Every structure is written in C-alpha cells, then in structure tokens.
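Just data.pdb here, PDB, C-alpha atoms:
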ATOM      1  CA  MET I   1     -11.749   4.570 -15.267  1.00  0.00           C
ATOM      2  CA  LEU I   2     -12.251   8.347 -15.261  1.00  0.00           C
ATOM      3  CA  ALA I   3     -11.405   8.487 -18.975  1.00  0.00           C
ATOM      4  CA  GLU I   4     -13.836   5.657 -19.675  1.00  0.00           C
ATOM      5  CA  ALA I   5     -16.601   7.405 -17.739  1.00  0.00           C
ATOM      6  CA  MET I   6     -16.001  10.635 -19.662  1.00  0.00           C
ATOM      7  CA  ASP I   7     -15.732   8.948 -23.067  1.00  0.00           C
ATOM      8  CA  LYS I   8     -18.911   6.935 -22.561  1.00  0.00           C
ATOM      9  CA  GLN I   9     -20.670   9.710 -20.611  1.00  0.00           C
ATOM     10  CA  LEU I  10     -21.253   7.402 -17.668  1.00  0.00           C
ATOM     11  CA  ASN I  11     -22.368   8.418 -14.193  1.00  0.00           C
ATOM     12  CA  PRO I  12     -20.616   5.777 -12.046  1.00  0.00           C
ATOM     13  CA  TYR I  13     -22.234   4.439  -8.896  1.00  0.00           C
ATOM     14  CA  ILE I  14     -19.995   3.326  -6.030  1.00  0.00           C
ATOM     15  CA  GLU I  15     -21.041   0.555  -3.667  1.00  0.00           C
ATOM     16  CA  CYS I  16     -19.004   0.337  -0.461  1.00  0.00           C
ATOM     17  CA  ILE I  17     -19.308  -2.355   2.174  1.00  0.00           C
ATOM     18  CA  THR I  18     -17.474  -1.909   5.469  1.00  0.00           C
ATOM     19  CA  ILE I  19     -16.196  -5.060   7.152  1.00  0.00           C
ATOM     20  CA  PRO I  20     -15.863  -4.468  10.919  1.00  0.00           C
ATOM     21  CA  ILE I  21     -12.327  -5.829  11.265  1.00  0.00           C
ATOM     22  CA  LEU I  22      -8.871  -4.271  11.436  1.00  0.00           C
ATOM     23  CA  VAL I  23      -6.143  -6.166   9.633  1.00  0.00           C
ATOM     24  CA  PRO I  24      -2.491  -5.075   9.408  1.00  0.00           C
ATOM     25  CA  GLY I  25      -1.024  -4.964   5.928  1.00  0.00           C
ATOM     26  CA  GLU I  26       1.248  -7.894   6.770  1.00  0.00           C
ATOM     27  CA  MET I  27      -1.871 -10.081   7.157  1.00  0.00           C
ATOM     28  CA  SER I  28      -3.635  -8.914   3.999  1.00  0.00           C
ATOM     29  CA  ILE I  29      -1.000  -9.649   1.355  1.00  0.00           C
ATOM     30  CA  THR I  30      -2.337 -10.452  -2.104  1.00  0.00           C
ATOM     31  CA  GLU I  31      -0.042 -13.465  -2.515  1.00  0.00           C
ATOM     32  CA  VAL I  32      -1.006 -15.176   0.743  1.00  0.00           C
ATOM     33  CA  GLU I  33      -4.140 -17.176   1.545  1.00  0.00           C
ATOM     34  CA  PRO I  34      -6.883 -16.791   2.511  1.00  0.00           C
ATOM     35  CA  LEU I  35      -7.040 -13.392   0.792  1.00  0.00           C
ATOM     36  CA  HIS I  36      -5.080 -14.488  -2.282  1.00  0.00           C
ATOM     37  CA  SER I  37      -8.077 -16.402  -3.645  1.00  0.00           C
ATOM     38  CA  ILE I  38     -10.437 -13.545  -2.803  1.00  0.00           C
ATOM     39  CA  TYR I  39      -8.251 -10.895  -4.433  1.00  0.00           C
ATOM     40  CA  ALA I  40      -8.075 -13.125  -7.525  1.00  0.00           C
ATOM     41  CA  GLN I  41     -11.824 -12.676  -7.999  1.00  0.00           C
ATOM     42  CA  ILE I  42     -11.536  -8.893  -8.456  1.00  0.00           C
ATOM     43  CA  PRO I  43     -10.849  -8.937 -12.246  1.00  0.00           C
ATOM     44  CA  VAL I  44     -13.734 -11.360 -12.747  1.00  0.00           C
ATOM     45  CA  VAL I  45     -16.123  -9.114 -10.824  1.00  0.00           C
ATOM     46  CA  ALA I  46     -14.915  -5.961 -12.600  1.00  0.00           C
ATOM     47  CA  ALA I  47     -15.476  -7.606 -16.013  1.00  0.00           C
ATOM     48  CA  LYS I  48     -19.163  -8.290 -15.383  1.00  0.00           C
ATOM     49  CA  GLU I  49     -21.749  -6.404 -17.398  1.00  0.00           C
ATOM     50  CA  GLY I  50     -22.417  -2.947 -16.014  1.00  0.00           C
ATOM     51  CA  LEU I  51     -19.465  -2.974 -13.633  1.00  0.00           C
ATOM     52  CA  MET I  52     -16.262  -0.990 -14.023  1.00  0.00           C
ATOM     53  CA  ASP I  53     -14.026  -1.938 -11.122  1.00  0.00           C
ATOM     54  CA  ALA I  54     -13.747  -3.712  -7.791  1.00  0.00           C
ATOM     55  CA  SER I  55     -11.287  -3.155  -4.954  1.00  0.00           C
ATOM     56  CA  ILE I  56     -10.492  -4.459  -1.505  1.00  0.00           C
ATOM     57  CA  PHE I  57      -8.896  -2.063   0.969  1.00  0.00           C
ATOM     58  CA  ALA I  58      -7.332  -3.511   4.097  1.00  0.00           C
ATOM     59  CA  GLY I  59      -7.482  -0.131   5.832  1.00  0.00           C
ATOM     60  CA  TYR I  60      -4.921   1.359   8.184  1.00  0.00           C
ATOM     61  CA  CYS I  61      -5.301  -0.522  11.440  1.00  0.00           C
ATOM     62  CA  TRP I  62      -2.729   1.587  13.316  1.00  0.00           C
ATOM     63  CA  ALA I  63      -4.814   4.773  13.047  1.00  0.00           C
ATOM     64  CA  ASP I  64      -6.900   5.516  16.122  1.00  0.00           C
ATOM     65  CA  LEU I  65      -9.947   6.481  14.079  1.00  0.00           C
ATOM     66  CA  LEU I  66     -13.540   5.303  14.218  1.00  0.00           C
ATOM     67  CA  ARG I  67     -13.622   4.934  10.433  1.00  0.00           C
ATOM     68  CA  SER I  68     -10.713   2.470  10.383  1.00  0.00           C
ATOM     69  CA  ALA I  69     -11.934  -0.819   8.906  1.00  0.00           C
ATOM     70  CA  MET I  70     -11.562  -3.121   5.936  1.00  0.00           C
ATOM     71  CA  ARG I  71     -13.728  -2.218   2.936  1.00  0.00           C
ATOM     72  CA  VAL I  72     -14.875  -3.578  -0.407  1.00  0.00           C
ATOM     73  CA  PHE I  73     -15.731  -1.194  -3.253  1.00  0.00           C
ATOM     74  CA  VAL I  74     -17.500  -2.132  -6.468  1.00  0.00           C
ATOM     75  CA  ILE I  75     -18.095   0.562  -9.071  1.00  0.00           C
ATOM     76  CA  ALA I  76     -20.974   0.299 -11.529  1.00  0.00           C
ATOM     77  CA  GLU I  77     -21.414   2.255 -14.748  1.00  0.00           C
ATOM     78  CA  ASP I  78     -24.522   3.922 -13.288  1.00  0.00           C
ATOM     79  CA  ARG I  79     -27.343   3.381 -10.781  1.00  0.00           C
ATOM     80  CA  LYS I  80     -29.018   0.923 -13.150  1.00  0.00           C
ATOM     81  CA  TYR I  81     -26.404  -1.612 -12.015  1.00  0.00           C
ATOM     82  CA  ALA I  82     -26.438  -0.589  -8.339  1.00  0.00           C
ATOM     83  CA  SER I  83     -28.006  -3.860  -7.183  1.00  0.00           C
ATOM     84  CA  LYS I  84     -25.390  -5.873  -9.054  1.00  0.00           C
ATOM     85  CA  ALA I  85     -22.595  -3.790  -7.513  1.00  0.00           C
ATOM     86  CA  LYS I  86     -24.076  -4.321  -4.064  1.00  0.00           C
ATOM     87  CA  GLU I  87     -24.440  -8.057  -4.646  1.00  0.00           C
ATOM     88  CA  GLU I  88     -20.854  -8.497  -5.849  1.00  0.00           C
ATOM     89  CA  ALA I  89     -19.419  -6.311  -3.079  1.00  0.00           C
ATOM     90  CA  GLY I  90     -21.426  -8.308  -0.559  1.00  0.00           C
ATOM     91  CA  LYS I  91     -20.049 -11.601  -1.864  1.00  0.00           C
ATOM     92  CA  LEU I  92     -16.454 -10.418  -1.546  1.00  0.00           C
ATOM     93  CA  ALA I  93     -17.050  -8.883   1.877  1.00  0.00           C
ATOM     94  CA  GLN I  94     -18.753 -12.019   3.181  1.00  0.00           C
ATOM     95  CA  GLN I  95     -15.837 -14.194   2.057  1.00  0.00           C
ATOM     96  CA  ILE I  96     -13.389 -11.932   3.857  1.00  0.00           C
ATOM     97  CA  TRP I  97     -15.531 -11.977   7.011  1.00  0.00           C
ATOM     98  CA  ASP I  98     -15.809 -15.773   6.886  1.00  0.00           C
ATOM     99  CA  LYS I  99     -12.018 -16.115   6.547  1.00  0.00           C
ATOM    100  CA  ARG I 100     -11.057 -13.435   9.092  1.00  0.00           C
ATOM    101  CA  LYS I 101      -9.700 -15.900  11.652  1.00  0.00           C
ATOM    102  CA  GLU I 102      -7.471 -17.510   9.020  1.00  0.00           C
ATOM    103  CA  MET I 103      -5.563 -14.306   8.306  1.00  0.00           C
ATOM    104  CA  LYS I 104      -2.109 -14.792   9.724  1.00  0.00           C
ATOM    105  CA  LEU I 105       1.411 -13.562   9.161  1.00  0.00           C
ATOM    106  CA  ASP I 106       3.296 -15.655   6.618  1.00  0.00           C
ATOM    107  CA  VAL I 107       6.633 -14.994   8.343  1.00  0.00           C
ATOM    108  CA  PRO I 108       7.842 -15.542  11.912  1.00  0.00           C
ATOM    109  CA  ALA I 109       6.919 -12.721  14.285  1.00  0.00           C
ATOM    110  CA  GLY I 110       7.455 -11.943  17.935  1.00  0.00           C
ATOM    111  CA  PRO I 111       9.457  -9.885  20.442  1.00  0.00           C
ATOM    112  CA  ILE I 112      12.818  -8.666  19.162  1.00  0.00           C
ATOM    113  CA  GLY I 113      14.748 -10.942  21.545  1.00  0.00           C
ATOM    114  CA  GLU I 114      13.028 -14.023  20.160  1.00  0.00           C
ATOM    115  CA  MET I 115      13.588 -12.862  16.591  1.00  0.00           C
ATOM    116  CA  LEU I 116      17.316 -12.309  17.165  1.00  0.00           C
ATOM    117  CA  HIS I 117      17.562 -15.821  18.562  1.00  0.00           C
ATOM    118  CA  LEU I 118      15.650 -17.189  15.569  1.00  0.00           C
ATOM    119  CA  VAL I 119      17.947 -15.406  13.104  1.00  0.00           C
ATOM    120  CA  CYS I 120      20.823 -17.656  14.196  1.00  0.00           C
ATOM    121  CA  GLN I 121      19.034 -20.613  12.604  1.00  0.00           C
ATOM    122  CA  TYR I 122      19.312 -19.154   9.084  1.00  0.00           C
ATOM    123  CA  ASP I 123      22.324 -19.335   6.775  1.00  0.00           C
ATOM    124  CA  GLN I 124      21.164 -16.538   4.471  1.00  0.00           C
ATOM    125  CA  THR I 125      20.471 -12.840   4.955  1.00  0.00           C
ATOM    126  CA  VAL I 126      17.470 -12.153   7.182  1.00  0.00           C
ATOM    127  CA  PHE I 127      15.427  -8.962   7.335  1.00  0.00           C
ATOM    128  CA  ILE I 128      13.887  -7.957  10.653  1.00  0.00           C
ATOM    129  CA  SER I 129      11.211  -5.291  10.452  1.00  0.00           C
ATOM    130  CA  ASP I 130       9.675  -3.234  13.225  1.00  0.00           C
ATOM    131  CA  SER I 131       6.319  -3.068  11.475  1.00  0.00           C
ATOM    132  CA  GLY I 132       4.884  -0.910  14.250  1.00  0.00           C
ATOM    133  CA  ASP I 133       7.343   1.883  13.371  1.00  0.00           C
ATOM    134  CA  ASN I 134       7.058   1.606   9.599  1.00  0.00           C
ATOM    135  CA  THR I 135       7.577   5.012   7.990  1.00  0.00           C
ATOM    136  CA  THR I 136       5.770   3.935   4.806  1.00  0.00           C
ATOM    137  CA  ALA I 137       2.663   3.430   6.935  1.00  0.00           C
ATOM    138  CA  GLY I 138       2.888   6.850   8.537  1.00  0.00           C
ATOM    139  CA  ALA I 139       4.939   6.065  11.660  1.00  0.00           C
ATOM    140  CA  PRO I 140       7.830   8.381  12.652  1.00  0.00           C
ATOM    141  CA  GLY I 141      10.592   5.753  12.197  1.00  0.00           C
ATOM    142  CA  ASP I 142      12.435   6.964  15.291  1.00  0.00           C
ATOM    143  CA  ASN I 143      12.236   3.861  17.473  1.00  0.00           C
ATOM    144  CA  PRO I 144      15.735   2.584  18.395  1.00  0.00           C
ATOM    145  CA  GLN I 145      14.595  -0.576  20.208  1.00  0.00           C
ATOM    146  CA  VAL I 146      15.803  -2.938  17.465  1.00  0.00           C
ATOM    147  CA  LEU I 147      19.205  -1.221  17.398  1.00  0.00           C
ATOM    148  CA  GLU I 148      19.416  -1.374  21.181  1.00  0.00           C
ATOM    149  CA  ALA I 149      18.578  -5.100  21.123  1.00  0.00           C
ATOM    150  CA  LEU I 150      21.269  -5.718  18.482  1.00  0.00           C
ATOM    151  CA  ILE I 151      23.868  -3.908  20.605  1.00  0.00           C
ATOM    152  CA  ARG I 152      22.882  -5.784  23.766  1.00  0.00           C
ATOM    153  CA  ALA I 153      23.059  -9.086  21.890  1.00  0.00           C
ATOM    154  CA  LYS I 154      26.504  -8.115  20.555  1.00  0.00           C
ATOM    155  CA  ALA I 155      25.188  -8.886  17.077  1.00  0.00           C
ATOM    156  CA  LYS I 156      27.736  -9.089  14.282  1.00  0.00           C
ATOM    157  CA  ASN I 157      27.195  -8.466  10.561  1.00  0.00           C
ATOM    158  CA  ALA I 158      24.021  -6.489  11.242  1.00  0.00           C
ATOM    159  CA  LEU I 159      22.871  -3.408   9.381  1.00  0.00           C
ATOM    160  CA  VAL I 160      20.202  -1.044  10.689  1.00  0.00           C
ATOM    161  CA  ALA I 161      18.627   0.469   7.591  1.00  0.00           C
ATOM    162  CA  GLY I 162      17.665   3.707   9.253  1.00  0.00           C
ATOM    163  CA  ILE I 163      16.370   5.572  12.270  1.00  0.00           C
ATOM    164  CA  VAL I 164      14.860   9.000  11.764  1.00  0.00           C
ATOM    165  CA  ASP I 165      16.782  11.488  13.901  1.00  0.00           C
ATOM    166  CA  ALA I 166      17.873  14.737  12.262  1.00  0.00           C
ATOM    167  CA  GLU I 167      19.882  15.927  15.268  1.00  0.00           C
ATOM    168  CA  ALA I 168      21.843  12.677  15.544  1.00  0.00           C
ATOM    169  CA  LEU I 169      22.601  12.788  11.823  1.00  0.00           C
ATOM    170  CA  LYS I 170      23.852  16.352  12.140  1.00  0.00           C
ATOM    171  CA  LYS I 171      26.226  15.389  14.975  1.00  0.00           C
ATOM    172  CA  CYS I 172      27.568  12.398  13.045  1.00  0.00           C
ATOM    173  CA  CYS I 173      28.228  14.553   9.987  1.00  0.00           C
ATOM    174  CA  GLN I 174      29.989  17.157  12.130  1.00  0.00           C
ATOM    175  CA  ALA I 175      32.205  14.480  13.733  1.00  0.00           C
ATOM    176  CA  GLY I 176      33.363  13.229  10.359  1.00  0.00           C
ATOM    177  CA  VAL I 177      34.396   9.888   8.879  1.00  0.00           C
ATOM    178  CA  ASN I 178      35.696   7.164  11.262  1.00  0.00           C
ATOM    179  CA  GLN I 179      35.044   9.281  14.352  1.00  0.00           C
ATOM    180  CA  SER I 180      33.054   8.158  17.393  1.00  0.00           C
ATOM    181  CA  VAL I 181      30.234  10.172  18.889  1.00  0.00           C
ATOM    182  CA  MET I 182      28.061   9.704  21.967  1.00  0.00           C
ATOM    183  CA  LEU I 183      24.483  10.800  21.569  1.00  0.00           C
ATOM    184  CA  ASN I 184      20.864  10.071  22.286  1.00  0.00           C
ATOM    185  CA  ILE I 185      19.134   8.649  19.245  1.00  0.00           C
ATOM    186  CA  GLY I 186      15.561   8.152  18.230  1.00  0.00           C
ATOM    187  CA  GLY I 187      12.385   8.959  20.068  1.00  0.00           C
ATOM    188  CA  VAL I 188      13.521   7.518  23.412  1.00  0.00           C
ATOM    189  CA  LYS I 189      16.479   8.510  25.591  1.00  0.00           C
ATOM    190  CA  SER I 190      18.789   5.549  25.071  1.00  0.00           C
ATOM    191  CA  ILE I 191      22.489   6.415  24.986  1.00  0.00           C
ATOM    192  CA  ILE I 192      24.045   4.500  22.133  1.00  0.00           C
ATOM    193  CA  TYR I 193      27.618   4.657  20.898  1.00  0.00           C
ATOM    194  CA  LEU I 194      27.803   4.948  17.137  1.00  0.00           C
ATOM    195  CA  ALA I 195      30.764   5.065  14.807  1.00  0.00           C
ATOM    196  CA  SER I 196      30.236   7.767  12.214  1.00  0.00           C
ATOM    197  CA  ARG I 197      30.712   6.408   8.683  1.00  0.00           C
ATOM    198  CA  TYR I 198      29.319   9.338   6.746  1.00  0.00           C
ATOM    199  CA  LYS I 199      31.260  10.801   3.832  1.00  0.00           C
TER
END

Can you present the structure in this file as structure tokens?
Amino acid sequence: MLAEAMDKQLNPYIECITIPILVPGEMSITEVEPLHSIYAQIPVVAAKEGLMDASIFAGYCWADLLRSAMRVFVIAEDRKYASKAKEEAGKLAQQIWDKRKEMKLDVPAGPIGEMLHLVCQYDQTVFISDSGDNTTAGAPGDNPQVLEALIRAKAKNALVAGIVDAEALKKCCQAGVNQSVMLNIGGVKSIIYLASRYK
C-alpha cells in the first residue's frame, strides 16, 4: 500500500471507527461466524473505487487501557473519498456491533478441572490452553496452575509445552538428565516435583 501511494503520488486518508466492545482473540477468529461473513467483506470493500484497504482489529482485551476496543479501518486514496471510507467503515462496524452477542468460543472452555474431566471423552490428542497466560499475547507465561491440576489429577500421557521460569530451567540443567529436583516453579509458590529430561 505504501508503494502504491508513492507510485501514484497519493495522499491516503484513514477512517477509523471504534466499536465500544472488548473481544478476546479466541472469539474473533476469521473462520468462525458471526465474524467470518463480516471479514469476508473486506476484499470487496477494499476493491471499491477510491479505496485502498480495509481492516478489522479485534484489539487486545487483556490490556488495562482506556484505548482498548475493537476497531474498523478503511483507507481511501485521498480525502476526496473520505465520505466513502467513512460509509464503508460504518457498515462493517455496525454489523460487528449488531452481532456482538453472537460472538462465542468455538471450542469448549471452562475451569481447568472441568476441562481435564472433558478430555477423557476424546480418543484423540487434545490441546488445553491457558489463554489468559498466553505469551504470544504479551502475558508472562509463568502460570503453573494447569501443571498443578494435571499433577493433582494424576494425569497420564500429558505434556506441558512450557512454563517460563529461568531459575527452574537452570536448576534442571544443573541436575542433569534423569535426575529429580525439587523447586518452586512459575509465578506462584507451588512446590512441584519434576524429573529433569534436559540433554
């Protein structure tokens, strides 16, 4: 878009409409309704005369910031098409607002105890995610509650993909392969026994 603006000597105009809702990423997936049909309109809007692009941003609902909200952006070639950009952004934003109560998770969700019980009903591999401690969304990734629940439930054939704890990692590496260590892990003081499998 930048290259196009430079090549054609455009002075793009950006229309932004803020929708006063906070939606977690898990409820704003492009492949899941009701947003799937709304996201599908973006290429159509962007292809209209005088417009360059359109985007829907779910926002980051976990940030404790006043500016956190869902937004629609439509970019016009210049101010001549500002009213069209505003109109198209408004249409998309209004559809999202009208469908806000229909936005739901497309997978089972609940307290970790309930999820561990639910896992027993599946024959295939199941992924359990602590979406509130998601490092790709800016969280520290040091919450050991899922691991603690797995230990208490005496879960078998379970793999914890990772807990951020540099000090615990250092102690495991120092202990060596197939050694046991006792340590506090994660951001809370839960004593958990771990077998060191590091090479």

Applied to the shown file, which residues does the PyMOL selection byres ((chain I and resi 87) around 12) return, written as JSON, numbers by chain? {"I": [15, 16, 17, 45, 48, 51, 54, 72, 73, 74, 75, 76, 81, 82, 83, 84, 85, 86, 88, 89, 90, 91, 92, 93, 94]}

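For the file at hand, the PyMOL selection byres ((chain I and resi 129-141) around 8) resolves to Tyr60, Phe127, Ile128, Asp142, Asn143, Val146, Gly162, Ile163 and Val164 of chain I.
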
Point-to-point distance in Å for CA of Cys120 (chain I) and CA of Lys104 (chain I):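 Value for the CA of Lys104 (chain I)-CA of Cys120 (chain I) distance: 23.5 Å.
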
Within 12 Å of Val32 (chain I) using all atoms listed in the file, minus same-chain residues under 6 positions, as a list of chain:residue names: I:Gly25, I:Glu26, I:Ile38, I:Tyr39, I:Ala40, I:Glu102, I:Met103, I:Lys104, I:Leu105, I:Asp106, I:Val107

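Taking CA of Leu183 (chain I) as the reference point, CA of Glu167 (chain I) is found at 9.3 Å.
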
Please return the centre and edge lengths, in Å to one decimal, of a box with edges along x, y and z that contains all listed atoms of region 32-47 of chain I, widened by 3 Å on every side, as AutoDock Vina command-line options.
--center_x -8.6 --center_y -11.6 --center_z -6.8 --size_x 21.1 --size_y 17.2 --size_z 24.5

Can you list, as an mmCIF file with C-alpha atoms, in the frame of the given file, the residues that the PyMOL selection byres ((chain I and resi 119) around 12) selects here?
data_model
loop_
_atom_site.group_PDB
_atom_site.id
_atom_site.type_symbol
_atom_site.label_atom_id
_atom_site.label_comp_id
_atom_site.auth_asym_id
_atom_site.auth_seq_id
_atom_site.Cartn_x
_atom_site.Cartn_y
_atom_site.Cartn_z
ATOM 1 C CA PRO I 108 7.842 -15.542 11.912
ATOM 2 C CA ALA I 109 6.919 -12.721 14.285
ATOM 3 C CA ILE I 112 12.818 -8.666 19.162
ATOM 4 C CA GLY I 113 14.748 -10.942 21.545
ATOM 5 C CA GLU I 114 13.028 -14.023 20.160
ATOM 6 C CA MET I 115 13.588 -12.862 16.591
ATOM 7 C CA LEU I 116 17.316 -12.309 17.165
ATOM 8 C CA HIS I 117 17.562 -15.821 18.562
ATOM 9 C CA LEU I 118 15.650 -17.189 15.569
ATOM 10 C CA CYS I 120 20.823 -17.656 14.196
ATOM 11 C CA GLN I 121 19.034 -20.613 12.604
ATOM 12 C CA TYR I 122 19.312 -19.154 9.084
ATOM 13 C CA ASP I 123 22.324 -19.335 6.775
ATOM 14 C CA GLN I 124 21.164 -16.538 4.471
ATOM 15 C CA THR I 125 20.471 -12.840 4.955
ATOM 16 C CA VAL I 126 17.470 -12.153 7.182
ATOM 17 C CA PHE I 127 15.427 -8.962 7.335
ATOM 18 C CA ILE I 128 13.887 -7.957 10.653
ATOM 19 C CA LEU I 150 21.269 -5.718 18.482
ATOM 20 C CA ALA I 153 23.059 -9.086 21.890
ATOM 21 C CA ALA I 155 25.188 -8.886 17.077
ATOM 22 C CA LYS I 156 27.736 -9.089 14.282
ATOM 23 C CA ASN I 157 27.195 -8.466 10.561
ATOM 24 C CA ALA I 158 24.021 -6.489 11.242
#

Correct to one decimal, the distance CA of Glu77 (chain I)-CA of Val44 (chain I) is 15.8 Å

List every protein, DNA or RNA residue that has at least one atom no more than 7 Å from (26.9, 14.8, 17.4) in the file's coordinates, counting all atoms listed in the file, and write the result as a PDB file with C-alpha atoms, keeping the file's coordinate frame.
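Output (part-v7.pdb):
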ATOM      1  CA  ALA I 168      21.843  12.677  15.544  1.00  0.00           C
ATOM      2  CA  LYS I 170      23.852  16.352  12.140  1.00  0.00           C
ATOM      3  CA  LYS I 171      26.226  15.389  14.975  1.00  0.00           C
ATOM      4  CA  CYS I 172      27.568  12.398  13.045  1.00  0.00           C
ATOM      5  CA  GLN I 174      29.989  17.157  12.130  1.00  0.00           C
ATOM      6  CA  ALA I 175      32.205  14.480  13.733  1.00  0.00           C
ATOM      7  CA  VAL I 181      30.234  10.172  18.889  1.00  0.00           C
ATOM      8  CA  MET I 182      28.061   9.704  21.967  1.00  0.00           C
ATOM      9  CA  LEU I 183      24.483  10.800  21.569  1.00  0.00           C
TER      10      LEU I 183
END

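Residue neighbourhood of Arg67 (chain I), excluding near-sequence residues (fewer than 3 positions): I:Thr18, I:Ile19, I:Pro20, I:Ile21, I:Leu22, I:Gly59, I:Tyr60, I:Cys61, I:Trp62, I:Ala63, I:Asp64, I:Met70, I:Arg71, at 12 Å, using only C-alpha atoms.
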
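Distances from I:Ile151, I:Leu35, I:Ile42, I:Cys173 to Ile96 (chain I) were compared using only C-alpha atoms, and the smallest one belongs to I:Leu35.
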